[in-house]
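Step one of this worksheet: look at the structure below.
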Amino acid sequence: MKCTACSKGKLIPSFIDGLFRAHTCSDCGGDWILIEDYAAWREHHPDYEFAKDIQFEEVQALEKKQAILCPVTHTIMRKFKISAHNSHRLDYSTAIGGLWLDKGEWELLIREGLAGSLNALVTDAWQRKIRQDSAKEHLRDIYRDRFGDEAYNKVKEVREWLQGQPHKADLRAYLMAEDPYSARR
């Protein structure tokens with residue numbers, strides 16, 4: 001197979017870190033992985049933990065902004081975010097269930113603690129959670145900017161306390177009343 005990411009190299013059978021099958025480009029060093037190969041390996045190694053303190057050579061995960069084609073079907077691959085706090089995206093072929101990892105992306109997944117969840121990254125549930133987490137982060141930033149750090153932290157603390165109170169509706173009414181000691185509304 002020819003590499004569709006760089007259009008120069010050939011995809012040569014290999015293994016990712018000696019763990020599961022892949023095809024590595026002879027030119028750009030990217031890896032083509034079938035999710036079924038990864039899932040089969042995970043099924044046989046459910047307790048495998050990726051080391052957290054691995055030192056990698058300083059290779060930046062280079063993400064291609066343009067769409068790339070699946071090396072098998074030659075259809076456009078979809079881009080999937082890996083997490084809410086990281087804007088990096090992976091290329092996934094929904095037609096074949098294959099994932100393209102640009103050089104350095106596997107190491108990025110290990111550093112982010114996501115290498116053990118490779119098959120989950122491309123699910124609707126994972127992507128939906130990322131969108132929800134991103135929206136929460138965005139709103140948190142808006143509130144923090146609007147209130148300032150001190151006021152935001154204080155109101156967050158009060159809110160958390162209020163959520164645990166048995167009479168929270170009455171407490172909110174008390175807080176919202178212009179004059180909580182007046183009989184007038």
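Simple scheme: letters A, B, ... for chains in structure tokens order, numbers from 1 for residues in each chain, numbers from 1 for ligands in the order shown.
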Would you please give, as a ChimeraX atom specification, all residues of chain A that DSSP assigns to helix (DSSP H, G or I) based on the backbone?
/A:35-44,105-111,115-121,124-147,149-163,168-176
Could you pull the residues within 12 Å of Asp17 in chain A, counting only C-alpha atoms, minus those fewer than 6 positions along the same chain, as a PyMOL selection string?
chain A and resi 24+31+50-51+106-107+110+115
Using only C-alpha atoms, which residues sit within 12 Å of Leu114 in chain A once same-chain residues fewer than 2 positions away are excluded, as a PyMOL selection string?
chain A and resi 49-52+81-83+86+105-112+116-122+126
Can I get the selected residues back with N, CA, C and O atoms, as a compact mmCIF listing (two decimals), in the first residue's frame?
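So the final result, stored in part34.txt, reads:
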# COMPACT_ATOMS: atom_id res chain seq x y z
N GLU A 49 -0.68 -1.95 31.08
CA GLU A 49 -0.68 -0.52 31.37
C GLU A 49 0.50 0.13 30.67
O GLU A 49 1.62 -0.35 30.75
N PHE A 50 0.21 1.22 29.99
CA PHE A 50 1.27 1.98 29.33
C PHE A 50 2.02 2.76 30.39
O PHE A 50 1.41 3.38 31.26
N ALA A 51 3.34 2.71 30.32
CA ALA A 51 4.17 3.42 31.30
C ALA A 51 3.86 4.91 31.25
O ALA A 51 3.66 5.47 30.18
N LYS A 52 3.81 5.51 32.42
CA LYS A 52 3.48 6.94 32.50
C LYS A 52 4.72 7.84 32.48
O LYS A 52 4.62 9.01 32.22
N LYS A 81 -11.31 14.41 17.53
CA LYS A 81 -10.56 15.02 18.63
C LYS A 81 -10.20 13.94 19.63
O LYS A 81 -10.92 12.96 19.78
N ILE A 82 -9.08 14.14 20.33
CA ILE A 82 -8.68 13.15 21.32
C ILE A 82 -9.16 13.52 22.73
O ILE A 82 -9.37 12.64 23.55
N SER A 83 -9.32 14.81 23.01
CA SER A 83 -9.81 15.22 24.32
C SER A 83 -10.28 16.67 24.24
O SER A 83 -10.00 17.37 23.27
N ASN A 86 -7.21 19.16 24.49
CA ASN A 86 -6.18 19.05 23.47
C ASN A 86 -6.87 19.17 22.11
O ASN A 86 -7.76 18.38 21.80
N GLU A 105 2.22 10.89 16.99
CA GLU A 105 0.87 10.85 17.58
C GLU A 105 0.71 9.71 18.57
O GLU A 105 -0.01 9.86 19.56
N TRP A 106 1.36 8.57 18.34
CA TRP A 106 1.27 7.47 19.30
C TRP A 106 1.86 7.90 20.64
O TRP A 106 1.28 7.69 21.69
N GLU A 107 3.01 8.58 20.59
CA GLU A 107 3.64 9.07 21.80
C GLU A 107 2.75 10.11 22.49
O GLU A 107 2.65 10.14 23.71
N LEU A 108 2.08 10.95 21.70
CA LEU A 108 1.14 11.92 22.25
C LEU A 108 0.01 11.21 22.98
O LEU A 108 -0.37 11.60 24.09
N LEU A 109 -0.53 10.15 22.38
CA LEU A 109 -1.61 9.40 23.03
C LEU A 109 -1.15 8.77 24.34
O LEU A 109 -1.89 8.75 25.32
N ILE A 110 0.08 8.28 24.37
CA ILE A 110 0.62 7.71 25.61
C ILE A 110 0.75 8.82 26.66
O ILE A 110 0.32 8.65 27.81
N ARG A 111 1.34 9.95 26.28
CA ARG A 111 1.50 11.07 27.23
C ARG A 111 0.16 11.55 27.77
O ARG A 111 0.05 11.93 28.93
N GLU A 112 -0.87 11.55 26.93
CA GLU A 112 -2.19 12.02 27.33
C GLU A 112 -2.97 10.94 28.10
O GLU A 112 -4.08 11.18 28.55
N GLY A 116 -4.46 3.48 25.87
CA GLY A 116 -5.25 2.32 26.26
C GLY A 116 -6.71 2.43 25.86
O GLY A 116 -7.49 1.51 26.09
N SER A 117 -7.09 3.55 25.25
CA SER A 117 -8.48 3.78 24.85
C SER A 117 -8.62 4.07 23.37
O SER A 117 -9.56 4.73 22.94
N LEU A 118 -7.68 3.59 22.60
CA LEU A 118 -7.64 3.92 21.18
C LEU A 118 -8.96 3.63 20.46
O LEU A 118 -9.44 4.44 19.68
N ASN A 119 -9.56 2.47 20.75
CA ASN A 119 -10.81 2.13 20.08
C ASN A 119 -11.97 3.00 20.55
O ASN A 119 -12.92 3.22 19.82
N ALA A 120 -11.91 3.52 21.78
CA ALA A 120 -12.99 4.37 22.29
C ALA A 120 -12.95 5.77 21.69
O ALA A 120 -13.99 6.42 21.56
N LEU A 121 -11.75 6.24 21.32
CA LEU A 121 -11.60 7.61 20.80
C LEU A 121 -12.49 7.89 19.60
O LEU A 121 -12.88 9.04 19.38
N VAL A 122 -12.79 6.88 18.82
CA VAL A 122 -13.51 7.09 17.57
C VAL A 122 -15.01 6.78 17.70
O VAL A 122 -15.71 6.70 16.71
N TRP A 126 -17.59 9.00 22.94
CA TRP A 126 -16.35 9.71 23.30
C TRP A 126 -16.38 11.12 22.74
O TRP A 126 -16.06 12.09 23.44
For Ala95 in chain A: contacts at 10 Å, only C-alpha atoms, fewer than 6 positions along chain excluded, given as a ChimeraX atom specification:
/A:70,72-77
Distance criterion (only C-alpha atoms): nearest to Phe15 in chain A out of A:Arg146, A:His167, A:Leu34, A:Val155:
A:Leu34
What parts of range 89-172 of chain A does DSSP call strand (DSSP E)? I'd like the answer as a list of chain:residue names.
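Those in range 89-172 of chain A that DSSP calls strand (DSSP E) are A:Arg89, A:Leu90, A:Asp91, A:Tyr92, A:Ser93, A:Gly98, A:Leu99, A:Trp100, A:Leu101.
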Between A:Pro71, A:Cys28, A:Glu150, A:Leu175, single out the one closest to Met1 in chain A, counting only C-alpha atoms.
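Smallest separation from Met1 in chain A among the options: A:Pro71.
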Just the residues within 9 Å of Thr94 in chain A, please, counting only C-alpha atoms, with nothing from its chain fewer than 2 positions along; format it as a PyMOL selection string.
chain A and resi 77-78+92+96-99+122
CA of Leu101 in chain A and CA of Ile33 in chain A are how many Å apart?
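Those two atoms sit 7.8 Å apart.
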Kindly give the distance, in Å, that separates CA of Gln127 in chain A and CA of Trp100 in chain A, rounded to a single decimal.
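Atom-to-atom, CA of Gln127 in chain A and CA of Trp100 in chain A are spaced 17.3 Å apart.
CA of Tyr152 in chain A is found 11.9 Å from CA of Leu139 in chain A.
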Pick from A:Pro180, A:Ala151, A:Lys156, A:His85: nearest to Ser134 in chain A, with only C-alpha atoms counted?
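Nearest candidate to Ser134 in chain A out of A:Pro180, A:Ala151, A:Lys156, A:His85: A:His85.
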